[in-house]
2 protein chains.
Amino acid sequence: MPVPKGSTIDPERTRAAILAAATPVLYERGLDGIGVAELCAGIGVSKETLYRHFGTKDGLVEAVLEARSDRVMRWLSDAVAAAGSDPRDQLSAVFDALQHWYDEPAFRGCAMLNAAAQHHVDAVRAITARHLDRYLELLTGIASRANAADPHLLARQLLMLAEGATTVAAHYDRSNAGEHARRAAFALLSAAAS
Amino acid sequence: MPVPKGSTIDPERTRAAILAAATPVLYERGLDGIGVAELCAGIGVSKETLYRHFGTKDGLVEAVLEARSDRVMRWLSDAVAAAGSDPRDQLSAVFDALQHWYDEPAFRGCAMLNAAAQHHVDAVRAITARHLDRYLELLTGIASRANAADPHLLARQLLMLAEGATTVAAHYDRSNAGEHARRAAFALLSAAAS
DNA sequence: CCTAGATCGAACCGATCGGTACGAACTCGA
DNA sequence: TCGAGTTCGTACCGATCGGTTCGATCTAGG
């Protein structure tokens, strides 16, 4: 998936293209599983260009993770928004979306959690924490609309369930992981209804 | 935590000592976060000795992970065994044990999941999968004794919850993560009772 | 006491790493 | 058309990586 070169010499566009091309490679190979030289060769960009736009490999990594977190959260939020006003349907939408993700051949678990486990750098851990913050916020909204007795507690439990499902799917068995997690989520939601 | 050198020149003992000394270092720093030279210096053993016993850095890593998985599963099994015959108490014992683990300063998440996320090597992934296999087996026993309608489904959901709690505790917020997961587990168990 | 083997410490190897430098080719706005 | 800026390709840098080698030192068993 090389960076298109013809169009124009537009630094912003180049930066965005590098970001888009590097994201799946770093996800598949791991942050430290590919060197800058091979990465540049793979996406069809010179090292100088990459370093001018991102300064450092860590700079690229952080930009990739930020963009990925944004994309994931938008994707989940859109799924919830499209599910109507019933909190149960909204919860279903989340786990159905996760199941579709698990079924993709390129699925390799939560990129932010993988990154935090790989790269012991504060900036990466911070991005991961913020990602989980937003994830928790999304689930808190659903828990609140479901009139849970303790929406924050339920949301935290749902976060554990969702990330646990993703982790188990990535490293153990992905078949129906989203569906099984969805059923567990329903049970939690029913038990927490006030 | 250096390897004791006085006692005897006993290869097996040396091997075990290296294993014990290297385990916490690799857990804290990450598998690729420390080189063999620094690792050897830290545990007070020469590179030649390490390579004679483990052949390869990957060999050491695999031995460390195997031992760790054994230790974790024995620790959880013992906690369950000590909890009596009530499945609810057994489940409590698991999540209470996890909470105590989360409260340790050196806690950094599930070593096997971290390793699988870091090291894209088949052997490591296999060890992780086998660890989750045993984890699932433990939970299946509890689910069966609780007369769950579908013990395998419940056990899988409990596995997601437990590993999700560990992951969230490691990368986001460890306070009361085990306790909150325990309450969720109880809700699942109640809902699954036949 | 002597030898086989375990260990150490340090030097060493080739490969790869992240990052820099530079000249040539190119695009664009003036 | 010209000059400023972007990109490319490649060579290069010092550091570090996993792994090997070797002589010196030490220990245990006969």
# chains A, B, ... in the order shown; residues from 1 in each chain; ligands from 1
$ interface_residues --of "chain D" --to "chain A" --cutoff "7 Å" --atoms "only C-alpha atoms (C1' of nucleotides)" --output "MDAnalysis selection string"
chainID D and resid 6:8
$ interface_residues --of "chain A" --to "chain B" --cutoff "6 Å" --atoms "only C-alpha atoms" --output "VMD selection string"
chain A and resid 114 117 to 118 129 160 to 161 163 to 165 172
$ write_last_selection --atoms "C-alpha atoms" --output "mmCIF file, in the first residue's frame"
data_model
loop_
_atom_site.group_PDB
_atom_site.id
_atom_site.type_symbol
_atom_site.label_atom_id
_atom_site.label_comp_id
_atom_site.auth_asym_id
_atom_site.auth_seq_id
_atom_site.Cartn_x
_atom_site.Cartn_y
_atom_site.Cartn_z
ATOM 1 C CA ASN A 114 -0.378 -4.135 22.301
ATOM 2 C CA ALA A 117 2.736 -3.980 26.372
ATOM 3 C CA GLN A 118 5.537 -3.607 23.837
ATOM 4 C CA ALA A 129 -4.797 5.363 29.040
ATOM 5 C CA MET A 160 -13.071 -5.250 31.266
ATOM 6 C CA LEU A 161 -15.375 -7.547 29.356
ATOM 7 C CA GLU A 163 -11.084 -5.556 26.248
ATOM 8 C CA GLY A 164 -10.930 -9.051 27.689
ATOM 9 C CA ALA A 165 -12.919 -10.357 24.751
ATOM 10 C CA TYR A 172 -6.569 -17.615 22.039
#
$ closest_residue --among "A:Val25, A:Ala37, A:Asp150, A:Glu12" --to "chain C" --atoms "only C-alpha atoms (C1' of nucleotides)"
A:Ala37
$ closest_atom_pairs --of "chain C" --to "chain B" --cutoff "10 Å" --atoms "only C-alpha atoms (C1' of nucleotides)" --output "tab-separated table"
residue	atom	partner	partner_atom	distance
C:DG5	C1'	B:Ile9	CA	9.6
C:DA6	C1'	B:Ile9	CA	6.3
C:DT7	C1'	B:Thr49	CA	6.7
C:DC8	C1'	B:Ser46	CA	6.1
C:DG9	C1'	B:Ser46	CA	7.5
$ write_last_selection --atoms "C-alpha atoms (C1' of nucleotides)" --output "PDB file, in the first residue's frame"
ATOM      1  C1'  DG C   5      34.015 -29.666  33.766  1.00  0.00           C
ATOM      2  C1'  DA C   6      31.462 -25.439  35.320  1.00  0.00           C
ATOM      3  C1'  DT C   7      31.929 -20.586  35.500  1.00  0.00           C
ATOM      4  C1'  DC C   8      33.731 -16.000  34.741  1.00  0.00           C
ATOM      5  C1'  DG C   9      35.065 -11.846  32.386  1.00  0.00           C
TER       6       DG C   9
END
$ atom_distance --atom1 "CA of Ala148 in chain B" --atom2 "CA of Ala193 in chain B"
4.5 Å
$ residues_around --residues "range 134-144 of chain A" --least-positions-apart "6" --cutoff "6 Å" --atoms "only C-alpha atoms (C1' of nucleotides)" --output "VMD selection string"
chain A and resid 87 151 to 152 155
$ select_by_dssp --residues "range 7-189 of chain A" --states "helix (DSSP H, G or I)" --output "PyMOL selection string"
chain A and resi 11-29+36-43+47-54+57-81+87-103+111-118+122-145+151-171+177-189
$ residues_around --residues "DT16 in chain C" --least-positions-apart "4" --cutoff "10 Å" --atoms "only C-alpha atoms (C1' of nucleotides)" --output "list of chain:residue names"
A:Gly35, D:DT16, D:DC17
$ write_last_selection --atoms "N, CA and C atoms (P, O5', C5', C4', C3', O3' and C1' of nucleotides)" --output "short mmCIF file (atom, residue, chain, number, x, y, z; two decimals), in the first residue's frame"
data_model
loop_
_atom_site.label_atom_id
_atom_site.label_comp_id
_atom_site.auth_asym_id
_atom_site.auth_seq_id
_atom_site.Cartn_x
_atom_site.Cartn_y
_atom_site.Cartn_z
N GLY A 35 11.99 -2.28 11.34
CA GLY A 35 12.88 -1.13 11.41
C GLY A 35 12.40 -0.01 10.52
P DT D 16 24.78 2.25 23.51
"O5'" DT D 16 24.05 0.90 23.09
"C5'" DT D 16 22.79 0.97 22.41
"C4'" DT D 16 22.50 -0.34 21.74
"C3'" DT D 16 22.74 -1.57 22.64
"O3'" DT D 16 21.50 -2.21 22.87
"C1'" DT D 16 23.53 -1.90 20.41
P DC D 17 21.39 -3.45 23.86
"O5'" DC D 17 21.06 -4.67 22.90
"C5'" DC D 17 20.09 -4.50 21.88
"C4'" DC D 17 20.29 -5.55 20.81
"C3'" DC D 17 20.65 -6.92 21.36
"O3'" DC D 17 19.47 -7.64 21.63
"C1'" DC D 17 21.97 -6.37 19.43
#
